[in-house]
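Participant: So that we are looking at the same thing, I have put the structure below in structure tokens.
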Amino acid sequence: MKSESKVLLAVAAGVAAGAALGVAFAPEKGSETRKKWKEDLKKFNKQTNGACRKDKLVKAKAKLEQVLEKINGKIESYEKQETNIA
């Protein structure tokens with residue numbers, strides 16, 4: 001893998017992780033969030049001159065959804081613990 005590809009992948013992973021955490025704590029509806037993500041991905045693809053392939057983005061989306069599920073589960077577990085303590 002070329003160093004440029006590694007840097008692009010690292011940047012994309014950082015953006016994805018930040019976005020996932022942002023979504024986890026965002027007060028917006030899921031449909032609004034997905035709409036924003038779609039717009040952001042279009043902008044990112046345009047900025048990288050189409051270097052991001054759709055299949056890679058689909059895989060990244062699936063992985064992010066798994067991570068988000070885990071985060072939400074941990075948040076719910078924590079909230080239940082807080083409720084039981086109080």
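Identifiers in this document derive from the order of the structure tokens: chains are assigned A, B, ..., residues are numbered from 1 separately in each chain, and ligands are numbered from 1 in order of occurrence.
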Any chance you could list, as a PyMOL selection string, the residues in chain A that come up helix (DSSP H, G or I) when DSSP is run on the backbone?

Facilitator: chain A and resi 3-24+30-47+54-85

Participant: Can those selected residues be exported to a file as a PDB file, in the first residue's frame so that it contains C-alpha atoms?

Facilitator:
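The result, written out as out10.pdb:
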```pdb
ATOM      1  CA  SER A   3       2.028   5.899   1.857  1.00  0.00           C
ATOM      2  CA  GLU A   4      -0.533   8.255   0.295  1.00  0.00           C
ATOM      3  CA  SER A   5      -3.168   5.548   0.532  1.00  0.00           C
ATOM      4  CA  LYS A   6      -2.241   4.883   4.146  1.00  0.00           C
ATOM      5  CA  VAL A   7      -2.588   8.564   4.990  1.00  0.00           C
ATOM      6  CA  LEU A   8      -5.944   8.772   3.221  1.00  0.00           C
ATOM      7  CA  LEU A   9      -7.129   5.653   5.014  1.00  0.00           C
ATOM      8  CA  ALA A  10      -5.971   7.024   8.376  1.00  0.00           C
ATOM      9  CA  VAL A  11      -7.731  10.336   7.766  1.00  0.00           C
ATOM     10  CA  ALA A  12     -10.911   8.555   6.696  1.00  0.00           C
ATOM     11  CA  ALA A  13     -10.765   6.300   9.763  1.00  0.00           C
ATOM     12  CA  GLY A  14     -10.310   9.315  12.032  1.00  0.00           C
ATOM     13  CA  VAL A  15     -13.197  11.135  10.423  1.00  0.00           C
ATOM     14  CA  ALA A  16     -15.363   8.028  10.670  1.00  0.00           C
ATOM     15  CA  ALA A  17     -14.542   7.476  14.332  1.00  0.00           C
ATOM     16  CA  GLY A  18     -15.253  11.109  15.143  1.00  0.00           C
ATOM     17  CA  ALA A  19     -18.491  10.980  13.225  1.00  0.00           C
ATOM     18  CA  ALA A  20     -19.577   7.797  14.998  1.00  0.00           C
ATOM     19  CA  LEU A  21     -18.949   9.346  18.400  1.00  0.00           C
ATOM     20  CA  GLY A  22     -20.717  12.509  17.326  1.00  0.00           C
ATOM     21  CA  VAL A  23     -23.749  10.535  16.215  1.00  0.00           C
ATOM     22  CA  ALA A  24     -23.785   8.611  19.479  1.00  0.00           C
ATOM     23  CA  GLY A  30     -31.349   9.238  12.714  1.00  0.00           C
ATOM     24  CA  SER A  31     -32.796  10.214   9.333  1.00  0.00           C
ATOM     25  CA  GLU A  32     -31.311  13.704   9.620  1.00  0.00           C
ATOM     26  CA  THR A  33     -27.954  12.273  10.657  1.00  0.00           C
ATOM     27  CA  ARG A  34     -27.896   9.826   7.736  1.00  0.00           C
ATOM     28  CA  LYS A  35     -28.725  12.684   5.365  1.00  0.00           C
ATOM     29  CA  LYS A  36     -25.790  14.705   6.726  1.00  0.00           C
ATOM     30  CA  TRP A  37     -23.464  11.699   6.452  1.00  0.00           C
ATOM     31  CA  LYS A  38     -24.467  11.184   2.840  1.00  0.00           C
ATOM     32  CA  GLU A  39     -23.740  14.834   2.071  1.00  0.00           C
ATOM     33  CA  ASP A  40     -20.411  14.662   3.918  1.00  0.00           C
ATOM     34  CA  LEU A  41     -19.381  11.536   2.004  1.00  0.00           C
ATOM     35  CA  LYS A  42     -20.210  13.231  -1.292  1.00  0.00           C
ATOM     36  CA  LYS A  43     -18.071  16.230  -0.282  1.00  0.00           C
ATOM     37  CA  PHE A  44     -15.225  13.954   0.849  1.00  0.00           C
ATOM     38  CA  ASN A  45     -15.341  11.997  -2.414  1.00  0.00           C
ATOM     39  CA  LYS A  46     -15.273  15.248  -4.371  1.00  0.00           C
ATOM     40  CA  GLN A  47     -12.315  16.543  -2.327  1.00  0.00           C
ATOM     41  CA  LYS A  54     -18.220   2.994  -3.017  1.00  0.00           C
ATOM     42  CA  ASP A  55     -17.538  -0.604  -1.975  1.00  0.00           C
ATOM     43  CA  LYS A  56     -14.966   0.539   0.585  1.00  0.00           C
ATOM     44  CA  LEU A  57     -17.375   3.133   1.922  1.00  0.00           C
ATOM     45  CA  VAL A  58     -20.133   0.520   2.238  1.00  0.00           C
ATOM     46  CA  LYS A  59     -17.782  -1.725   4.238  1.00  0.00           C
ATOM     47  CA  ALA A  60     -16.730   1.207   6.402  1.00  0.00           C
ATOM     48  CA  LYS A  61     -20.388   2.086   6.987  1.00  0.00           C
ATOM     49  CA  ALA A  62     -21.160  -1.460   8.109  1.00  0.00           C
ATOM     50  CA  LYS A  63     -18.218  -1.454  10.497  1.00  0.00           C
ATOM     51  CA  LEU A  64     -19.239   1.949  11.878  1.00  0.00           C
ATOM     52  CA  GLU A  65     -22.768   0.696  12.453  1.00  0.00           C
ATOM     53  CA  GLN A  66     -21.352  -2.213  14.473  1.00  0.00           C
ATOM     54  CA  VAL A  67     -19.219   0.161  16.525  1.00  0.00           C
ATOM     55  CA  LEU A  68     -22.172   2.461  17.060  1.00  0.00           C
ATOM     56  CA  GLU A  69     -24.298  -0.450  18.269  1.00  0.00           C
ATOM     57  CA  LYS A  70     -21.610  -1.337  20.811  1.00  0.00           C
ATOM     58  CA  ILE A  71     -21.338   2.277  21.952  1.00  0.00           C
ATOM     59  CA  ASN A  72     -25.111   2.586  22.315  1.00  0.00           C
ATOM     60  CA  GLY A  73     -25.238  -0.685  24.247  1.00  0.00           C
ATOM     61  CA  LYS A  74     -22.585   0.525  26.651  1.00  0.00           C
ATOM     62  CA  ILE A  75     -24.366   3.845  27.095  1.00  0.00           C
ATOM     63  CA  GLU A  76     -27.655   2.068  27.823  1.00  0.00           C
ATOM     64  CA  SER A  77     -25.908  -0.255  30.266  1.00  0.00           C
ATOM     65  CA  TYR A  78     -24.334   2.714  32.017  1.00  0.00           C
ATOM     66  CA  GLU A  79     -27.679   4.523  32.173  1.00  0.00           C
ATOM     67  CA  LYS A  80     -29.295   1.441  33.742  1.00  0.00           C
ATOM     68  CA  GLN A  81     -26.517   1.252  36.323  1.00  0.00           C
ATOM     69  CA  GLU A  82     -26.980   4.920  37.153  1.00  0.00           C
ATOM     70  CA  THR A  83     -30.740   4.362  37.542  1.00  0.00           C
ATOM     71  CA  ASN A  84     -30.213   1.374  39.818  1.00  0.00           C
ATOM     72  CA  ILE A  85     -27.730   3.297  41.966  1.00  0.00           C
TER      73      ILE A  85
END
```
